[in-house]
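*Asks:* The structure is given below, and queries will be raised subsequently.
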Amino acid sequence: MELFGLADCNNFFCSCERVFHPDLNGKPVVVLSNNDGCIIARSNEAKALGLKMGQPFYQVKDQLEKQGVAVFSSNYNLYGDMSHRVMSLLSGYTPHLDIYSVDEAFLDFSGMGTTEHLGEYARGMVRTITKGTGIPISVGIAPTKTLAKMASKFAKKYPRYQGVAIIDTEQKRQKALELFPVGDVWGIGRQFLKRLEYYGISTAAEFAAKKPGWVQREFNLPGLRTWKELNGENCIETESMPQKQSICTSRSFPDSGLKELAHVEEAVANFAAACARKLREQHTVCGAITVFAYTSRFRTDIPQNCIYQNIYLQVPTANQQEIVSFACNALRSSWNSSNIYFYKKAGVIVWDITPDNTIQGDLFDTVDRPRLQALMNAIDAVNHKNGHDTIRMATQGYSKQWHLKTEHISRQYTTNLEQIISIKA
């Protein structure tokens, strides 16, 4: 019998902050988005206070202070490293681990014993992960990945499950479907939900009870796939999902924005480097690059301008030197020398993405690609061992002009030697 587990970190961003602030256990915690814009993560205590996802920080700032809510700016270096620690421990519990997001991973438990054995096995995993990282997790186990995600929600909601919920019988499956809102089912998005509501479908059970022909006619193949998963037929293979067709790294700049070319160029160089790194991580290359920067469309009192440049590459690449160079040259060629614009946002998109083992070369290519690749491999090895951006291109700089507004950011306890936790004995 096929059985899949979905390990989900509970309130992940908030839990990461609590690891290094244990005095906040049992107290409300929220984490803010880029530039401290709005709430993107809430502890259970914060949810109980009625705080909503996406609420602008400035609107609830006084409320947060009055109710004693701990507020943190997003600390993605910390969250990424804590995620890596969790996933490293999870990999020891199954020969097949598929990392789905920063705080979720699928585990293949097929052929690893009875559900009774797996229940105790998973509870031991929950205890080990929580003890080893400080991050509480919930695990759902079921015959399909969609049902496993559903089970993980029940594991998180009901403490008596001790962090593990299993859907292993028809009776349990039917009961879970009846209790589960259809809008919370994995794979059902906003437009999908609107159509379901139009037909009066509010629970997963009501959707699963429909005829397959009707489902395919109304919701096409993706809807039918979700319907099959809810009915116990495994048909979603995470390892066969296509690679991203484009990768975008962008950022809004604090205050009025950036006016100087040097500051915007430094930001674009870092965005391009991040895109190149993501390409290499998924073993792909890009054939085209887009660079953009624009002023605030809400500021009618200042001059408006938009930079948008496409670059089509002679040979697809994931090399950081090439991508950063192309992006910065495109920005410079489009820059208005009048220096009257304040750019509020900029970014880099890499697209026309293909696997790195199917690169089409060019007869007139003048770049020594083996040598360039060897250098990139050496840089990646050094950065992997010593920390992100230990070796970087000069154009990436160290200016703080374009960095996010992070008035409430915690320290980088696990990734910066100068900020590691100190203990007074």
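Here's how to read the names in the structure tokens: chain A, B, ... by the order shown, residue numbers from 1 in each chain, ligand numbers from 1 in the order shown.
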Extract, using only C-alpha atoms, all DNA, RNA and protein residues at most 8 Å from Ala165 (chain A), discarding same-chain residues fewer than 2 positions from it, and format them as a list of chain:residue names.
*Replies:* A:Gly119, A:Val139, A:Gly140, A:Ile141, A:Ala151, A:Ser152, A:Phe154, A:Ala155, A:Tyr161, A:Gly163, A:Ile167
*Asks:* Please extract the residues of region 103-268 of chain A with a backbone DSSP assignment of helix (DSSP H, G or I) and present them as a ChimeraX atom specification.
*Replies:* /A:115-133,145-157,159-161,170-179,182-184,190-198,204-208,212-230,238-240,261-268
*Asks:* Excluding Tyr58 (chain A) and any residue of its chain fewer than 6 positions from it, enumerate the residues within 12 Å of it, using only C-alpha atoms, and give them as a PyMOL selection string.
*Replies:* chain A and resi 32+35-39+64-65
*Asks:* Next, write the just-selected residues to a file, as a PDB file, in the first residue's frame, keeping N, CA, C and O atoms as the atom set.
*Replies:*
```
ATOM      1  N   LEU A  32       6.645  40.275   9.909  1.00  0.00           N
ATOM      2  CA  LEU A  32       6.222  41.222   8.874  1.00  0.00           C
ATOM      3  C   LEU A  32       6.860  40.907   7.528  1.00  0.00           C
ATOM      4  O   LEU A  32       7.913  40.267   7.456  1.00  0.00           O
ATOM      5  N   ASN A  35      10.106  45.192   3.906  1.00  0.00           N
ATOM      6  CA  ASN A  35       9.955  46.602   4.283  1.00  0.00           C
ATOM      7  C   ASN A  35       8.931  46.798   5.412  1.00  0.00           C
ATOM      8  O   ASN A  35       8.343  47.876   5.545  1.00  0.00           O
ATOM      9  N   ASP A  36       8.735  45.763   6.225  1.00  0.00           N
ATOM     10  CA  ASP A  36       7.811  45.833   7.368  1.00  0.00           C
ATOM     11  C   ASP A  36       6.422  46.289   6.926  1.00  0.00           C
ATOM     12  O   ASP A  36       5.758  47.083   7.590  1.00  0.00           O
ATOM     13  N   GLY A  37       5.983  45.765   5.781  1.00  0.00           N
ATOM     14  CA  GLY A  37       4.727  46.229   5.200  1.00  0.00           C
ATOM     15  C   GLY A  37       3.481  45.681   5.849  1.00  0.00           C
ATOM     16  O   GLY A  37       2.600  46.433   6.272  1.00  0.00           O
ATOM     17  N   CYS A  38       3.378  44.335   5.953  1.00  0.00           N
ATOM     18  CA  CYS A  38       2.158  43.746   6.491  1.00  0.00           C
ATOM     19  C   CYS A  38       2.487  42.426   7.196  1.00  0.00           C
ATOM     20  O   CYS A  38       3.623  41.924   7.114  1.00  0.00           O
ATOM     21  N   ILE A  39       1.509  41.874   7.879  1.00  0.00           N
ATOM     22  CA  ILE A  39       1.699  40.636   8.640  1.00  0.00           C
ATOM     23  C   ILE A  39       1.670  39.442   7.682  1.00  0.00           C
ATOM     24  O   ILE A  39       0.721  39.263   6.921  1.00  0.00           O
ATOM     25  N   LEU A  64      -0.937  46.115  18.343  1.00  0.00           N
ATOM     26  CA  LEU A  64       0.104  45.157  18.683  1.00  0.00           C
ATOM     27  C   LEU A  64       0.839  45.565  19.955  1.00  0.00           C
ATOM     28  O   LEU A  64       1.126  44.731  20.823  1.00  0.00           O
ATOM     29  N   GLU A  65       1.153  46.855  20.073  1.00  0.00           N
ATOM     30  CA  GLU A  65       1.832  47.347  21.265  1.00  0.00           C
ATOM     31  C   GLU A  65       0.948  47.206  22.499  1.00  0.00           C
ATOM     32  O   GLU A  65       1.404  46.795  23.575  1.00  0.00           O
TER      33      GLU A  65
END
```
*Asks:* Smallest atom-to-atom distance to Ile340 (chain A): which of A:Ala381, A:Ile323, A:Ile353, A:Leu258, using only C-alpha atoms?
*Replies:*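 Closest residue, counting only C-alpha atoms: A:Leu258.
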*Asks:* Would you kindly return, as a list of chain:residue names, each protein, DNA or RNA residue with an atom no farther than 6 Å from any atom of region 285-299 of chain A, considering only C-alpha atoms and excluding same-chain residues fewer than 4 positions away?
*Replies:*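 Near region 285-299 of chain A, the qualifying residues are A:Leu279, A:Gln304, A:Asn305, A:Cys306, A:Ile307, A:Tyr308, A:Gln309, A:Asn310, A:Ile311, A:Tyr312, A:Leu313, A:Pro316, A:Thr317, A:Ala318, A:Phe342, A:Tyr343, A:Lys344, A:Lys345, A:Ala346, A:Gly347, A:Val348, A:Ile349, A:Val350, A:Trp351, A:Asp352, A:Ile353, A:Thr354, A:Asp356.
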*Asks:* Output N, CA and C atoms for every residue in the selection just made, as an mmCIF file, in the first residue's frame.
*Replies:*
```cif
data_model
loop_
_atom_site.group_PDB
_atom_site.id
_atom_site.type_symbol
_atom_site.label_atom_id
_atom_site.label_comp_id
_atom_site.auth_asym_id
_atom_site.auth_seq_id
_atom_site.Cartn_x
_atom_site.Cartn_y
_atom_site.Cartn_z
ATOM 1 N N LEU A 279 18.931 29.287 -10.595
ATOM 2 C CA LEU A 279 19.056 28.473 -11.801
ATOM 3 C C LEU A 279 19.995 27.293 -11.563
ATOM 4 N N GLN A 304 7.386 60.479 -13.252
ATOM 5 C CA GLN A 304 7.231 59.033 -13.388
ATOM 6 C C GLN A 304 8.138 58.503 -14.497
ATOM 7 N N ASN A 305 8.669 57.279 -14.269
ATOM 8 C CA ASN A 305 9.524 56.665 -15.275
ATOM 9 C C ASN A 305 9.525 55.151 -15.074
ATOM 10 N N CYS A 306 9.745 54.434 -16.167
ATOM 11 C CA CYS A 306 9.807 52.973 -16.101
ATOM 12 C C CYS A 306 10.916 52.469 -17.013
ATOM 13 N N ILE A 307 11.768 51.634 -16.470
ATOM 14 C CA ILE A 307 12.818 50.970 -17.245
ATOM 15 C C ILE A 307 12.409 49.512 -17.423
ATOM 16 N N TYR A 308 12.457 49.028 -18.683
ATOM 17 C CA TYR A 308 12.108 47.634 -18.961
ATOM 18 C C TYR A 308 12.921 47.175 -20.159
ATOM 19 N N GLN A 309 13.898 46.307 -19.903
ATOM 20 C CA GLN A 309 14.803 45.876 -20.970
ATOM 21 C C GLN A 309 14.861 44.347 -21.025
ATOM 22 N N ASN A 310 14.740 43.798 -22.233
ATOM 23 C CA ASN A 310 14.916 42.364 -22.455
ATOM 24 C C ASN A 310 16.268 42.107 -23.098
ATOM 25 N N ILE A 311 16.955 41.064 -22.635
ATOM 26 C CA ILE A 311 18.228 40.648 -23.210
ATOM 27 C C ILE A 311 18.098 39.195 -23.634
ATOM 28 N N TYR A 312 18.414 38.894 -24.897
ATOM 29 C CA TYR A 312 18.334 37.528 -25.416
ATOM 30 C C TYR A 312 19.766 37.005 -25.566
ATOM 31 N N LEU A 313 20.057 35.904 -24.910
ATOM 32 C CA LEU A 313 21.425 35.419 -24.812
ATOM 33 C C LEU A 313 21.817 34.583 -26.024
ATOM 34 N N PRO A 316 22.475 29.970 -23.788
ATOM 35 C CA PRO A 316 21.833 29.922 -22.466
ATOM 36 C C PRO A 316 22.864 29.687 -21.362
ATOM 37 N N THR A 317 22.639 30.300 -20.198
ATOM 38 C CA THR A 317 23.627 30.218 -19.123
ATOM 39 C C THR A 317 22.980 30.326 -17.752
ATOM 40 N N ALA A 318 23.700 29.855 -16.753
ATOM 41 C CA ALA A 318 23.344 30.072 -15.355
ATOM 42 C C ALA A 318 24.532 30.685 -14.631
ATOM 43 N N PHE A 342 12.909 58.930 -8.789
ATOM 44 C CA PHE A 342 13.116 58.121 -7.588
ATOM 45 C C PHE A 342 12.475 56.749 -7.840
ATOM 46 N N TYR A 343 13.319 55.748 -8.052
ATOM 47 C CA TYR A 343 12.817 54.415 -8.381
ATOM 48 C C TYR A 343 12.415 53.678 -7.095
ATOM 49 N N LYS A 344 11.163 53.233 -7.092
ATOM 50 C CA LYS A 344 10.599 52.600 -5.898
ATOM 51 C C LYS A 344 10.767 51.089 -5.903
ATOM 52 N N LYS A 345 10.910 50.493 -7.085
ATOM 53 C CA LYS A 345 11.069 49.044 -7.167
ATOM 54 C C LYS A 345 11.910 48.684 -8.374
ATOM 55 N N ALA A 346 12.689 47.613 -8.240
ATOM 56 C CA ALA A 346 13.487 47.099 -9.348
ATOM 57 C C ALA A 346 13.560 45.587 -9.230
ATOM 58 N N GLY A 347 13.923 44.935 -10.327
ATOM 59 C CA GLY A 347 14.018 43.486 -10.284
ATOM 60 C C GLY A 347 14.635 42.904 -11.535
ATOM 61 N N VAL A 348 14.897 41.603 -11.463
ATOM 62 C CA VAL A 348 15.463 40.855 -12.585
ATOM 63 C C VAL A 348 14.646 39.584 -12.768
ATOM 64 N N ILE A 349 14.294 39.287 -14.019
ATOM 65 C CA ILE A 349 13.591 38.049 -14.355
ATOM 66 C C ILE A 349 14.466 37.266 -15.325
ATOM 67 N N VAL A 350 14.708 35.994 -15.027
ATOM 68 C CA VAL A 350 15.362 35.112 -15.997
ATOM 69 C C VAL A 350 14.299 34.157 -16.524
ATOM 70 N N TRP A 351 14.282 33.954 -17.833
ATOM 71 C CA TRP A 351 13.237 33.119 -18.441
ATOM 72 C C TRP A 351 13.789 32.357 -19.639
ATOM 73 N N ASP A 352 12.889 31.725 -20.393
ATOM 74 C CA ASP A 352 13.312 30.794 -21.435
ATOM 75 C C ASP A 352 14.255 29.765 -20.810
ATOM 76 N N ILE A 353 13.754 29.127 -19.746
ATOM 77 C CA ILE A 353 14.566 28.226 -18.929
ATOM 78 C C ILE A 353 14.530 26.809 -19.484
ATOM 79 N N THR A 354 15.706 26.175 -19.558
ATOM 80 C CA THR A 354 15.840 24.800 -20.027
ATOM 81 C C THR A 354 16.826 24.054 -19.126
ATOM 82 N N ASP A 356 20.134 22.210 -17.810
ATOM 83 C CA ASP A 356 21.518 22.579 -18.131
ATOM 84 C C ASP A 356 22.269 21.487 -18.892
#
```
*Asks:* Point out the residue among A:Ala148, A:Val30, A:Ile247, A:Ile188 with the least atom-to-atom distance to Glu17 (chain A), counting only C-alpha atoms.
*Replies:*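 For Glu17 (chain A), the nearest of the given residues is A:Val30.
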*Asks:* With DSSP run on the backbone, what are the strand (DSSP E or B) residues within region 123-235 of chain A? I'd like them as a list in words.
*Replies:* Ile137, Ser138, Val139, Gly140, Ile141, Ala142, Val164, Ala165, Ile166, Pro181 and Thr203 of chain A
*Asks:* I'd like the neighbourhood of Ser83 (chain A) as a PyMOL selection string, where a residue qualifies if any of its atoms comes within 10 Å (using only C-alpha atoms), though same-chain residues fewer than 2 positions away should be ignored.
*Replies:* chain A and resi 9+12-13+16+77-81+85-88+101-104+133+135
*Asks:* Output C-alpha atoms for every residue in that selection, as a short mmCIF file (atom, residue, chain, number, x, y, z; two decimals), in the first residue's frame.
*Replies:*
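Done, and the output landed in out.cif:
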```cif
data_model
loop_
_atom_site.label_atom_id
_atom_site.label_comp_id
_atom_site.auth_asym_id
_atom_site.auth_seq_id
_atom_site.Cartn_x
_atom_site.Cartn_y
_atom_site.Cartn_z
CA CYS A 9 6.42 23.11 10.38
CA PHE A 12 7.32 28.34 10.80
CA PHE A 13 8.56 31.94 10.77
CA CYS A 16 12.10 30.21 14.15
CA ASN A 77 18.70 34.02 6.24
CA LEU A 78 17.65 32.61 9.61
CA TYR A 79 14.50 30.97 8.25
CA GLY A 80 16.37 29.41 5.33
CA ASP A 81 19.03 27.92 7.57
CA ARG A 85 18.25 21.84 9.46
CA VAL A 86 14.70 20.51 9.59
CA MET A 87 14.93 18.98 6.11
CA SER A 88 18.31 17.39 6.89
CA SER A 101 8.42 24.51 0.33
CA VAL A 102 10.54 26.18 3.00
CA ASP A 103 8.42 24.55 5.74
CA GLU A 104 6.89 21.47 4.08
CA THR A 133 15.81 22.19 15.97
CA ILE A 135 10.74 23.82 15.46
#
```
